[in-house]
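*Asks:* Following this line is query-v3.pdb, made up of PDB, C-alpha atoms:
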```pdb
ATOM      1  CA  MET S   1      55.062 -20.220 -39.709
ATOM      2  CA  ALA S   2      52.761 -17.616 -41.234
ATOM      3  CA  LEU S   3      51.982 -17.335 -44.955
ATOM      4  CA  GLU S   4      51.335 -14.161 -46.996
ATOM      5  CA  ASN S   5      48.714 -12.012 -45.237
ATOM      6  CA  ALA S   6      49.045 -14.032 -42.057
ATOM      7  CA  THR S   7      52.637 -12.778 -41.552
ATOM      8  CA  LYS S   8      51.067  -9.669 -40.042
ATOM      9  CA  THR S   9      49.873 -11.734 -37.069
ATOM     10  CA  ILE S  10      53.419 -12.759 -36.108
ATOM     11  CA  GLN S  11      53.946  -9.661 -33.993
ATOM     12  CA  ALA S  12      51.013 -10.711 -31.823
ATOM     13  CA  LEU S  13      52.460 -14.190 -31.525
ATOM     14  CA  LEU S  14      55.923 -12.970 -30.485
ATOM     15  CA  GLN S  15      54.377 -10.940 -27.675
ATOM     16  CA  SER S  16      52.135 -13.751 -26.504
ATOM     17  CA  GLY S  17      52.793 -16.033 -23.534
ATOM     18  CA  LYS S  18      55.082 -19.038 -23.807
ATOM     19  CA  GLU S  19      55.471 -22.363 -22.075
ATOM     20  CA  TYR S  20      58.746 -24.256 -21.866
ATOM     21  CA  ILE S  21      60.179 -27.438 -20.460
ATOM     22  CA  CYS S  22      63.615 -26.689 -19.092
ATOM     23  CA  VAL S  23      66.541 -28.589 -17.617
ATOM     24  CA  MET S  24      68.520 -26.469 -15.187
ATOM     25  CA  LYS S  25      71.900 -27.573 -13.886
ATOM     26  CA  LEU S  26      72.771 -26.555 -10.328
ATOM     27  CA  HIS S  27      76.391 -25.964  -9.447
ATOM     28  CA  ALA S  28      76.032 -27.809  -6.127
ATOM     29  CA  GLU S  29      73.639 -30.363  -4.679
ATOM     30  CA  ILE S  30      70.709 -28.664  -2.941
ATOM     31  CA  PRO S  31      67.794 -30.354  -1.132
ATOM     32  CA  GLU S  32      64.711 -30.654  -3.346
ATOM     33  CA  GLN S  33      62.502 -28.821  -0.855
ATOM     34  CA  GLN S  34      64.758 -25.773  -0.989
ATOM     35  CA  VAL S  35      64.759 -25.737  -4.797
ATOM     36  CA  ARG S  36      60.975 -26.053  -4.794
ATOM     37  CA  GLU S  37      60.624 -23.073  -2.452
ATOM     38  CA  VAL S  38      62.910 -20.868  -4.542
ATOM     39  CA  LEU S  39      61.147 -21.801  -7.789
ATOM     40  CA  GLU S  40      57.856 -20.811  -6.176
ATOM     41  CA  LYS S  41      59.307 -17.393  -5.311
ATOM     42  CA  PHE S  42      59.873 -16.767  -9.016
ATOM     43  CA  GLN S  43      56.148 -17.003  -9.772
ATOM     44  CA  GLY S  44      54.392 -13.695 -10.351
ATOM     45  CA  LYS S  45      56.110 -10.474 -11.436
ATOM     46  CA  ILE S  46      59.887 -10.655 -11.692
ATOM     47  CA  TYR S  47      62.540  -8.149 -12.694
ATOM     48  CA  GLN S  48      64.852  -9.167 -15.480
ATOM     49  CA  ARG S  49      67.689  -7.418 -17.288
ATOM     50  CA  PRO S  50      68.049  -8.806 -20.830
ATOM     51  CA  PRO S  51      71.340 -10.678 -21.328
ATOM     52  CA  LEU S  52      74.402  -9.251 -23.139
ATOM     53  CA  ARG S  53      73.428 -10.924 -26.366
ATOM     54  CA  ALA S  54      69.872  -9.705 -26.639
ATOM     55  CA  SER S  55      67.702  -8.336 -29.415
ATOM     56  CA  VAL S  56      66.201  -5.649 -27.157
ATOM     57  CA  LYS S  57      67.496  -2.699 -25.186
ATOM     58  CA  ARG S  58      69.220  -3.881 -22.020
ATOM     59  CA  ARG S  59      67.208  -2.146 -19.366
ATOM     60  CA  LEU S  60      65.572  -3.706 -16.346
ATOM     61  CA  ARG S  61      62.058  -4.794 -17.150
ATOM     62  CA  THR S  62      59.329  -6.801 -15.488
ATOM     63  CA  ARG S  63      57.985 -10.066 -16.778
ATOM     64  CA  THR S  64      55.177 -12.197 -15.357
ATOM     65  CA  ILE S  65      55.827 -15.845 -14.611
ATOM     66  CA  TYR S  66      52.441 -17.547 -14.625
ATOM     67  CA  TYR S  67      53.643 -20.813 -13.136
ATOM     68  CA  ILE S  68      56.742 -22.905 -12.503
ATOM     69  CA  ASN S  69      56.222 -26.599 -11.815
ATOM     70  CA  LEU S  70      59.112 -28.713 -10.621
ATOM     71  CA  LEU S  71      58.710 -31.986 -12.518
ATOM     72  CA  GLU S  72      61.765 -33.978 -11.539
ATOM     73  CA  MET S  73      65.046 -33.577  -9.771
ATOM     74  CA  GLU S  74      68.026 -35.825 -10.021
ATOM     75  CA  ARG S  75      71.166 -34.734  -8.221
ATOM     76  CA  ARG S  76      72.084 -31.401  -9.815
ATOM     77  CA  ASN S  77      69.606 -31.590 -12.686
ATOM     78  CA  VAL S  78      66.258 -29.871 -12.226
ATOM     79  CA  LEU S  79      63.484 -30.461 -14.746
ATOM     80  CA  PHE S  80      60.712 -27.896 -14.634
ATOM     81  CA  GLN S  81      57.826 -26.569 -16.684
ATOM     82  CA  ILE S  82      57.329 -22.822 -16.913
ATOM     83  CA  GLY S  83      54.526 -20.626 -18.249
ATOM     84  CA  CYS S  84      55.643 -17.043 -18.786
ATOM     85  CA  GLU S  85      55.040 -13.783 -20.576
ATOM     86  CA  GLY S  86      56.570 -13.286 -24.041
ATOM     87  CA  GLY S  87      60.107 -11.901 -23.840
ATOM     88  CA  THR S  88      61.165 -13.745 -20.692
ATOM     89  CA  TYR S  89      64.745 -14.982 -20.903
ATOM     90  CA  ILE S  90      64.830 -18.487 -19.471
ATOM     91  CA  ARG S  91      68.631 -18.747 -19.493
ATOM     92  CA  LYS S  92      68.745 -15.596 -17.409
ATOM     93  CA  LEU S  93      66.014 -16.920 -15.123
ATOM     94  CA  CYS S  94      68.029 -20.092 -14.452
ATOM     95  CA  TYR S  95      71.068 -17.969 -13.637
ATOM     96  CA  ASP S  96      69.003 -15.836 -11.237
ATOM     97  CA  ILE S  97      67.513 -18.939  -9.570
ATOM     98  CA  GLY S  98      71.085 -20.156  -9.050
ATOM     99  CA  GLU S  99      72.024 -16.855  -7.442
ATOM    100  CA  ILE S 100      69.102 -17.048  -4.995
ATOM    101  CA  LEU S 101      69.932 -20.675  -4.177
ATOM    102  CA  GLY S 102      73.478 -19.499  -3.522
ATOM    103  CA  CYS S 103      75.136 -22.246  -5.526
ATOM    104  CA  GLY S 104      74.804 -20.879  -9.032
ATOM    105  CA  ALA S 105      72.990 -22.599 -11.895
ATOM    106  CA  HIS S 106      72.720 -22.566 -15.663
ATOM    107  CA  MET S 107      70.253 -23.609 -18.299
ATOM    108  CA  GLN S 108      71.111 -26.992 -19.732
ATOM    109  CA  GLU S 109      68.278 -27.672 -22.177
ATOM    110  CA  LEU S 110      65.160 -25.901 -23.300
ATOM    111  CA  ARG S 111      62.162 -26.910 -25.352
ATOM    112  CA  ARG S 112      59.224 -24.636 -26.096
ATOM    113  CA  THR S 113      55.901 -26.375 -25.643
ATOM    114  CA  ARG S 114      53.617 -23.417 -26.331
ATOM    115  CA  ALA S 115      53.628 -20.057 -28.127
ATOM    116  CA  GLY S 116      50.336 -18.281 -27.490
ATOM    117  CA  PRO S 117      47.577 -20.591 -28.748
ATOM    118  CA  PHE S 118      50.004 -23.004 -30.464
ATOM    119  CA  THR S 119      51.082 -26.083 -28.544
ATOM    120  CA  GLU S 120      53.138 -29.177 -29.246
ATOM    121  CA  LYS S 121      50.027 -31.280 -28.887
ATOM    122  CA  GLU S 122      47.581 -29.753 -31.350
ATOM    123  CA  GLY S 123      48.128 -29.389 -35.071
ATOM    124  CA  LEU S 124      51.911 -29.636 -34.979
ATOM    125  CA  VAL S 125      53.217 -30.916 -38.317
ATOM    126  CA  ASN S 126      56.699 -31.657 -39.623
ATOM    127  CA  LEU S 127      58.215 -30.872 -43.014
ATOM    128  CA  HIS S 128      57.459 -34.339 -44.391
ATOM    129  CA  GLU S 129      53.791 -33.932 -43.579
ATOM    130  CA  VAL S 130      53.713 -30.509 -45.259
ATOM    131  CA  SER S 131      55.066 -31.863 -48.545
ATOM    132  CA  TYR S 132      53.007 -35.062 -48.322
ATOM    133  CA  TRP S 133      49.652 -33.337 -47.739
ATOM    134  CA  PHE S 134      50.428 -30.663 -50.316
ATOM    135  CA  GLU S 135      51.207 -33.323 -52.953
ATOM    136  CA  LYS S 136      47.968 -35.104 -52.038
ATOM    137  CA  TRP S 137      46.090 -31.874 -52.595
ATOM    138  CA  ARG S 138      47.791 -31.317 -55.965
ATOM    139  CA  GLU S 139      46.715 -34.776 -57.119
ATOM    140  CA  THR S 140      43.150 -34.701 -55.867
ATOM    141  CA  ARG S 141      42.289 -30.985 -55.388
ATOM    142  CA  GLU S 142      40.643 -32.131 -52.180
ATOM    143  CA  GLU S 143      40.818 -29.103 -49.871
ATOM    144  CA  SER S 144      40.717 -31.156 -46.702
ATOM    145  CA  TYR S 145      44.384 -32.067 -47.364
ATOM    146  CA  ILE S 146      45.378 -28.410 -47.062
ATOM    147  CA  HIS S 147      43.362 -28.134 -43.848
ATOM    148  CA  LYS S 148      45.469 -30.954 -42.408
ATOM    149  CA  PHE S 149      48.512 -28.714 -42.106
ATOM    150  CA  VAL S 150      47.423 -25.105 -42.583
ATOM    151  CA  GLN S 151      45.310 -23.342 -39.977
ATOM    152  CA  PRO S 152      43.523 -20.008 -40.470
ATOM    153  CA  MET S 153      45.496 -16.985 -39.200
ATOM    154  CA  GLU S 154      42.607 -16.331 -36.810
ATOM    155  CA  LYS S 155      44.004 -19.199 -34.727
ATOM    156  CA  ALA S 156      47.084 -17.054 -33.940
ATOM    157  CA  LEU S 157      44.798 -14.407 -32.421
ATOM    158  CA  GLU S 158      42.886 -16.806 -30.198
ATOM    159  CA  MET S 159      44.420 -15.424 -26.994
ATOM    160  CA  LEU S 160      43.768 -11.760 -27.769
ATOM    161  CA  PRO S 161      40.639 -10.057 -26.427
ATOM    162  CA  LYS S 162      38.229  -9.588 -29.319
ATOM    163  CA  ILE S 163      35.669  -7.093 -30.523
ATOM    164  CA  TYR S 164      33.133  -8.241 -33.126
ATOM    165  CA  ILE S 165      31.890  -5.562 -35.502
ATOM    166  CA  ARG S 166      29.087  -4.923 -37.987
ATOM    167  CA  ASP S 167      29.573  -5.663 -41.686
ATOM    168  CA  SER S 168      29.156  -1.946 -42.369
ATOM    169  CA  ALA S 169      32.142  -1.058 -40.156
ATOM    170  CA  VAL S 170      34.593  -3.539 -41.736
ATOM    171  CA  ASP S 171      35.823  -1.722 -44.836
ATOM    172  CA  ALA S 172      36.547   1.529 -42.993
ATOM    173  CA  ILE S 173      38.831  -0.426 -40.623
ATOM    174  CA  CYS S 174      40.500  -2.039 -43.664
ATOM    175  CA  HIS S 175      41.308   1.487 -44.839
ATOM    176  CA  GLY S 176      42.931   2.220 -41.483
ATOM    177  CA  ALA S 177      40.085   4.000 -39.687
ATOM    178  CA  ASN S 178      39.731   3.636 -35.940
ATOM    179  CA  LEU S 179      36.820   1.668 -34.504
ATOM    180  CA  THR S 180      33.927   3.706 -33.154
ATOM    181  CA  THR S 181      31.162   2.616 -30.783
ATOM    182  CA  PRO S 182      28.310   2.237 -33.324
ATOM    183  CA  GLY S 183      30.316  -0.441 -35.179
ATOM    184  CA  VAL S 184      30.610  -2.673 -32.103
ATOM    185  CA  VAL S 185      28.300  -5.686 -31.878
ATOM    186  CA  SER S 186      29.924  -7.708 -29.074
ATOM    187  CA  PHE S 187      33.199  -7.863 -27.163
ATOM    188  CA  GLU S 188      35.074  -9.861 -24.555
ATOM    189  CA  ASN S 189      34.853  -8.825 -20.915
ATOM    190  CA  THR S 190      38.666  -8.913 -20.489
ATOM    191  CA  ILE S 191      39.341  -5.764 -22.582
ATOM    192  CA  LYS S 192      41.410  -3.077 -20.853
ATOM    193  CA  PRO S 193      42.691   0.281 -22.182
ATOM    194  CA  ASN S 194      46.028   0.216 -24.090
ATOM    195  CA  GLN S 195      45.824  -3.529 -24.568
ATOM    196  CA  THR S 196      46.367  -5.143 -27.981
ATOM    197  CA  ILE S 197      43.029  -6.500 -29.162
ATOM    198  CA  ALA S 198      41.747  -8.149 -32.336
ATOM    199  CA  ILE S 199      38.845  -6.820 -34.387
ATOM    200  CA  PHE S 200      36.733  -9.608 -35.906
ATOM    201  CA  THR S 201      33.755  -9.813 -38.267
ATOM    202  CA  LEU S 202      30.566 -11.591 -37.238
ATOM    203  CA  LYS S 203      31.722 -14.492 -39.466
ATOM    204  CA  GLY S 204      34.837 -14.840 -37.334
ATOM    205  CA  GLU S 205      37.324 -13.312 -39.799
ATOM    206  CA  ALA S 206      40.160 -11.181 -38.450
ATOM    207  CA  VAL S 207      39.956  -7.581 -39.665
ATOM    208  CA  ALA S 208      42.759  -5.859 -37.767
ATOM    209  CA  LEU S 209      44.921  -5.675 -34.679
ATOM    210  CA  ALA S 210      44.194  -2.604 -32.606
ATOM    211  CA  LYS S 211      44.891  -0.864 -29.315
ATOM    212  CA  ALA S 212      41.898  -0.710 -26.987
ATOM    213  CA  LEU S 213      41.023   2.809 -25.834
ATOM    214  CA  VAL S 214      38.379   1.796 -23.289
ATOM    215  CA  SER S 215      37.693  -1.041 -20.867
ATOM    216  CA  ALA S 216      34.926  -3.603 -21.334
ATOM    217  CA  GLU S 217      32.974  -1.938 -18.487
ATOM    218  CA  GLU S 218      33.133   1.467 -20.181
ATOM    219  CA  LEU S 219      32.179  -0.031 -23.515
ATOM    220  CA  ILE S 220      28.898  -1.419 -22.128
ATOM    221  CA  GLU S 221      27.722   2.106 -21.307
ATOM    222  CA  ARG S 222      29.186   3.905 -24.302
ATOM    223  CA  LYS S 223      27.033   5.422 -27.058
ATOM    224  CA  HIS S 224      29.636   7.086 -29.298
ATOM    225  CA  GLY S 225      33.325   7.858 -29.611
ATOM    226  CA  PHE S 226      36.432   5.829 -30.401
ATOM    227  CA  VAL S 227      36.774   2.330 -29.017
ATOM    228  CA  ALA S 228      40.049   1.126 -30.530
ATOM    229  CA  LYS S 229      42.951   2.534 -32.523
ATOM    230  CA  THR S 230      43.714   0.414 -35.589
ATOM    231  CA  ARG S 231      47.335  -0.784 -35.603
ATOM    232  CA  ARG S 232      47.682  -3.517 -38.215
ATOM    233  CA  VAL S 233      45.097  -4.244 -40.901
ATOM    234  CA  LEU S 234      44.809  -7.974 -41.660
ATOM    235  CA  MET S 235      41.955  -8.060 -44.176
ATOM    236  CA  GLU S 236      42.224  -6.743 -47.746
ATOM    237  CA  ARG S 237      40.160  -3.755 -48.715
ATOM    238  CA  GLY S 238      36.950  -4.383 -50.593
ATOM    239  CA  VAL S 239      36.031  -7.759 -49.079
ATOM    240  CA  TYR S 240      33.120  -6.008 -47.404
ATOM    241  CA  PRO S 241      31.272  -3.131 -49.102
ATOM    242  CA  LYS S 242      32.250   0.442 -48.464
ATOM    243  CA  ALA S 243      29.526   1.823 -46.214
ATOM    244  CA  TRP S 244      31.117   5.141 -45.438
ATOM    245  CA  THR S 245      31.424   8.391 -47.313
ATOM    246  CA  LYS S 246      34.186  10.946 -47.363
ATOM    247  CA  SER S 247      33.182  14.186 -45.726
ATOM    248  CA  GLN S 248      32.608  16.746 -48.408
ATOM    249  CA  THR S 249      35.170  19.463 -48.788
ATOM    250  CA  ILE S 250      34.130  22.558 -50.638
TER     251      ILE S 250
ATOM    252  CA  MET O   1      54.161 -13.831  -4.770
ATOM    253  CA  PRO O   2      50.594 -14.273  -6.010
ATOM    254  CA  LYS O   3      50.221 -16.587  -8.951
ATOM    255  CA  SER O   4      48.742 -14.917 -12.008
ATOM    256  CA  GLU O   5      46.680 -16.661 -14.647
ATOM    257  CA  ALA O   6      48.324 -17.494 -17.969
ATOM    258  CA  PRO O   7      46.448 -16.189 -21.041
ATOM    259  CA  TRP O   8      45.619 -19.782 -22.023
ATOM    260  CA  GLN O   9      43.999 -20.382 -18.637
ATOM    261  CA  ARG O  10      41.633 -17.426 -18.972
ATOM    262  CA  LYS O  11      38.039 -17.962 -20.017
ATOM    263  CA  PRO O  12      36.724 -14.664 -21.393
ATOM    264  CA  GLU O  13      32.992 -14.019 -21.620
ATOM    265  CA  LEU O  14      31.327 -12.386 -24.586
ATOM    266  CA  ILE O  15      29.210  -9.302 -23.935
ATOM    267  CA  THR O  16      26.635  -8.475 -26.611
ATOM    268  CA  LYS O  17      26.021  -4.769 -27.092
ATOM    269  CA  THR O  18      23.558  -4.953 -29.968
ATOM    270  CA  GLU O  19      22.063  -7.663 -32.113
ATOM    271  CA  ALA O  20      23.269  -7.640 -35.719
ATOM    272  CA  LYS O  21      23.315  -9.994 -38.681
ATOM    273  CA  THR O  22      26.074 -10.572 -41.194
ATOM    274  CA  ASP O  23      25.439 -10.725 -44.939
ATOM    275  CA  SER O  24      26.608 -13.984 -46.553
ATOM    276  CA  LYS O  25      27.363 -12.056 -49.771
ATOM    277  CA  HIS O  26      30.592 -10.656 -48.310
ATOM    278  CA  GLY O  27      33.507 -12.500 -46.744
ATOM    279  CA  CYS O  28      33.231 -16.031 -45.389
ATOM    280  CA  LYS O  29      34.098 -18.096 -42.338
ATOM    281  CA  PRO O  30      37.875 -18.671 -42.123
ATOM    282  CA  GLU O  31      37.542 -22.469 -42.565
ATOM    283  CA  GLN O  32      35.428 -21.983 -45.704
ATOM    284  CA  ARG O  33      37.842 -19.745 -47.626
ATOM    285  CA  PRO O  34      38.630 -20.947 -51.155
ATOM    286  CA  VAL O  35      41.879 -22.891 -51.010
ATOM    287  CA  ARG O  36      44.173 -20.126 -52.367
ATOM    288  CA  GLU O  37      42.655 -17.612 -49.962
ATOM    289  CA  TYR O  38      42.886 -20.156 -47.166
ATOM    290  CA  ILE O  39      46.628 -20.572 -47.765
ATOM    291  CA  LYS O  40      47.157 -16.812 -48.057
ATOM    292  CA  HIS O  41      45.606 -16.380 -44.627
ATOM    293  CA  GLY O  42      47.220 -19.477 -43.204
ATOM    294  CA  ILE O  43      49.516 -20.509 -40.402
ATOM    295  CA  ILE O  44      51.499 -23.723 -40.093
ATOM    296  CA  ASN O  45      52.384 -24.967 -36.630
ATOM    297  CA  LEU O  46      55.650 -26.466 -37.814
ATOM    298  CA  ASP O  47      57.951 -28.743 -35.895
ATOM    299  CA  LYS O  48      61.249 -27.459 -37.207
ATOM    300  CA  PRO O  49      63.954 -30.118 -37.652
ATOM    301  CA  ALA O  50      67.116 -29.488 -35.629
ATOM    302  CA  GLY O  51      69.536 -29.039 -38.554
ATOM    303  CA  PRO O  52      68.442 -26.232 -40.919
ATOM    304  CA  THR O  53      67.835 -22.670 -39.736
ATOM    305  CA  SER O  54      64.358 -21.169 -39.500
ATOM    306  CA  HIS O  55      65.299 -19.081 -42.519
ATOM    307  CA  GLU O  56      66.072 -22.164 -44.615
ATOM    308  CA  VAL O  57      62.929 -23.967 -43.509
ATOM    309  CA  THR O  58      60.809 -20.911 -44.328
ATOM    310  CA  ALA O  59      62.341 -20.671 -47.807
ATOM    311  CA  TRP O  60      61.641 -24.352 -48.339
ATOM    312  CA  VAL O  61      57.974 -24.094 -47.342
ATOM    313  CA  LYS O  62      57.561 -20.977 -49.503
ATOM    314  CA  ARG O  63      58.864 -22.869 -52.528
ATOM    315  CA  ILE O  64      56.701 -25.935 -51.894
ATOM    316  CA  LEU O  65      53.493 -23.970 -51.443
ATOM    317  CA  GLY O  66      54.311 -21.333 -54.048
ATOM    318  CA  VAL O  67      53.716 -18.395 -51.730
ATOM    319  CA  LYS O  68      55.590 -15.105 -51.983
ATOM    320  CA  HIS O  69      55.759 -14.207 -48.324
ATOM    321  CA  ALA O  70      56.215 -16.279 -45.236
ATOM    322  CA  GLY O  71      57.613 -15.567 -41.809
ATOM    323  CA  HIS O  72      58.195 -17.418 -38.619
ATOM    324  CA  GLY O  73      57.634 -16.474 -35.017
ATOM    325  CA  GLY O  74      59.634 -19.180 -33.400
ATOM    326  CA  THR O  75      62.771 -17.682 -31.978
ATOM    327  CA  LEU O  76      64.539 -18.791 -28.885
ATOM    328  CA  GLU O  77      66.672 -16.260 -27.038
ATOM    329  CA  ALA O  78      68.653 -13.661 -28.947
ATOM    330  CA  TYR O  79      68.668 -15.127 -32.414
ATOM    331  CA  ALA O  80      67.294 -12.868 -35.101
ATOM    332  CA  LYS O  81      63.649 -12.684 -35.898
ATOM    333  CA  TRP O  82      63.150 -12.993 -39.580
ATOM    334  CA  ARG O  83      60.341 -12.018 -41.868
ATOM    335  CA  ALA O  84      60.045 -12.201 -45.627
TER     336      ALA O  84
END
```
Would you encode the structure as structure tokens?
*Replies:*
Amino acid sequence: MALENATKTIQALLQSGKEYICVMKLHAEIPEQQVREVLEKFQGKIYQRPPLRASVKRRLRTRTIYYINLLEMERRNVLFQIGCEGGTYIRKLCYDIGEILGCGAHMQELRRTRAGPFTEKEGLVNLHEVSYWFEKWRETREESYIHKFVQPMEKALEMLPKIYIRDSAVDAICHGANLTTPGVVSFENTIKPNQTIAIFTLKGEAVALAKALVSAEELIERKHGFVAKTRRVLMERGVYPKAWTKSQTI
Amino acid sequence: MPKSEAPWQRKPELITKTEAKTDSKHGCKPEQRPVREYIKHGIINLDKPAGPTSHEVTAWVKRILGVKHAGHGGTLEAYAKWRA
């Protein structure tokens, strides 16, 4: 759950990769080896048409399945772990696996174990903990209690390729300007054109979400020109000084 | 089909284009934000109980923490995404 300014990072989180544990029910008993082979076929790029009840347009689209691991099989129940791109319909995937197996199948149970950088294992808190730690903070004003259940929004952007910029470039981005080459200090080697990236300060604060216009290779050589198109500003204006001037109009 | 790496399995490398320093007068490291600022720029990795809807849980957390806006990104399948 994202608070105040951090709500702007949710879009990035929705698009990010997911991991699930799933129980699939087969409509006939199939040898484990055969199920294993079919599951393996679903790794990589798959085609998927969103189901009838979907929040997106129902046209055929591709989704990448990073891995499917068969964990356990008992008669018609198949327990597997899946890592996939955001927007993959697991219920649909189970149905499609059933079609390929020839017997039919449906999704029985699903639990998400990861959304982008957030996992079940690290920093997961329940409602009781939220109210407990918040009360503790109210009594003592000890900030470490807040840190026990709230993480900086930068955590949500952990998986995005990043560009770190100069202090002098920050406020222009906060006003919606696009990032130009002179503002760039360092960047991750995974950047590709048209990809969603995150612009960070040298202190590690998120400034904005942007669309990369160049690849990391091109950026090494570049001397001027636009590097990224600002999409969503995350930092308030005025945190860093204004180091740019409006061009004079006479 | 070839297996492709999940984003959480990737290990990106940082390429430095120029050396630059940051002035401690402006901004601060995310973990060092004053508590109100920290909450305003915060995320809670919340284990939602099975009963109430995401909407109800969000409203509850908003009231507890006294924040105006909150949103969740935890939707399964076709159920509506909601943002305050």
*Asks:* The ChimeraX specification (/S :<8) & /O - which residues does that actually catch in the file I just gave you? List them as a PyMOL selection string.
*Replies:* chain O and resi 1-8+12-23+26-31+35+38-49+58+61+64-65+67-74+77-80+83
*Asks:* Report, in Å to a single decimal, how far apart CA of Lys11 in chain O and CA of Val227 in chain S are.
*Replies:*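 According to the coordinates, CA of Val227 in chain S and CA of Lys11 in chain O are separated by 22.2 Å.
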*Asks:* Counting all atoms listed in the file, what is within 7 Å of His27 in chain S, bar same-chain residues fewer than 6 positions away, as a list in words?
*Replies:*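 Surrounding residues, per the criterion: Arg76, Cys103, Gly104 and Ala105 of chain S.
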*Asks:* CA of Val38 in chain S and CA of Glu99 in chain S, how far apart in Å?
*Replies:*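 So the two atoms, CA of Glu99 in chain S and CA of Val38 in chain S, lie 10.4 Å apart.
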*Asks:* Any idea what the distance is between CA of Lys211 in chain S and CA of Gly225 in chain S?
*Replies:* 14.5 Å
*Asks:* What do you get, as a VMD selection string, if you spell out every residue that the PyMOL selection byres ((chain S and resi 107) around 6) selects here?
*Replies:* chain S and resid 24 91 94 106 108 to 109
*Asks:* So that I can see what lies close to Arg36 in chain S, please list as a ChimeraX atom specification the residues with an atom at most 12 Å from it, counting all atoms listed in the file and leaving out residues fewer than 4 positions away in the same chain.
*Replies:* /S:30-32,40-43,68-73,78-80,97,101
*Asks:* Hey, can I get the axis-aligned box for range 135-142 of chain S? All listed atoms, 6 Å padding on each side, centre and edge lengths in Å to one decimal, as AutoDock Vina command-line options.
*Replies:*
```
--center_x 45.9 --center_y -33.0 --center_z -54.6 --size_x 22.6 --size_y 16.1 --size_z 17.1
```
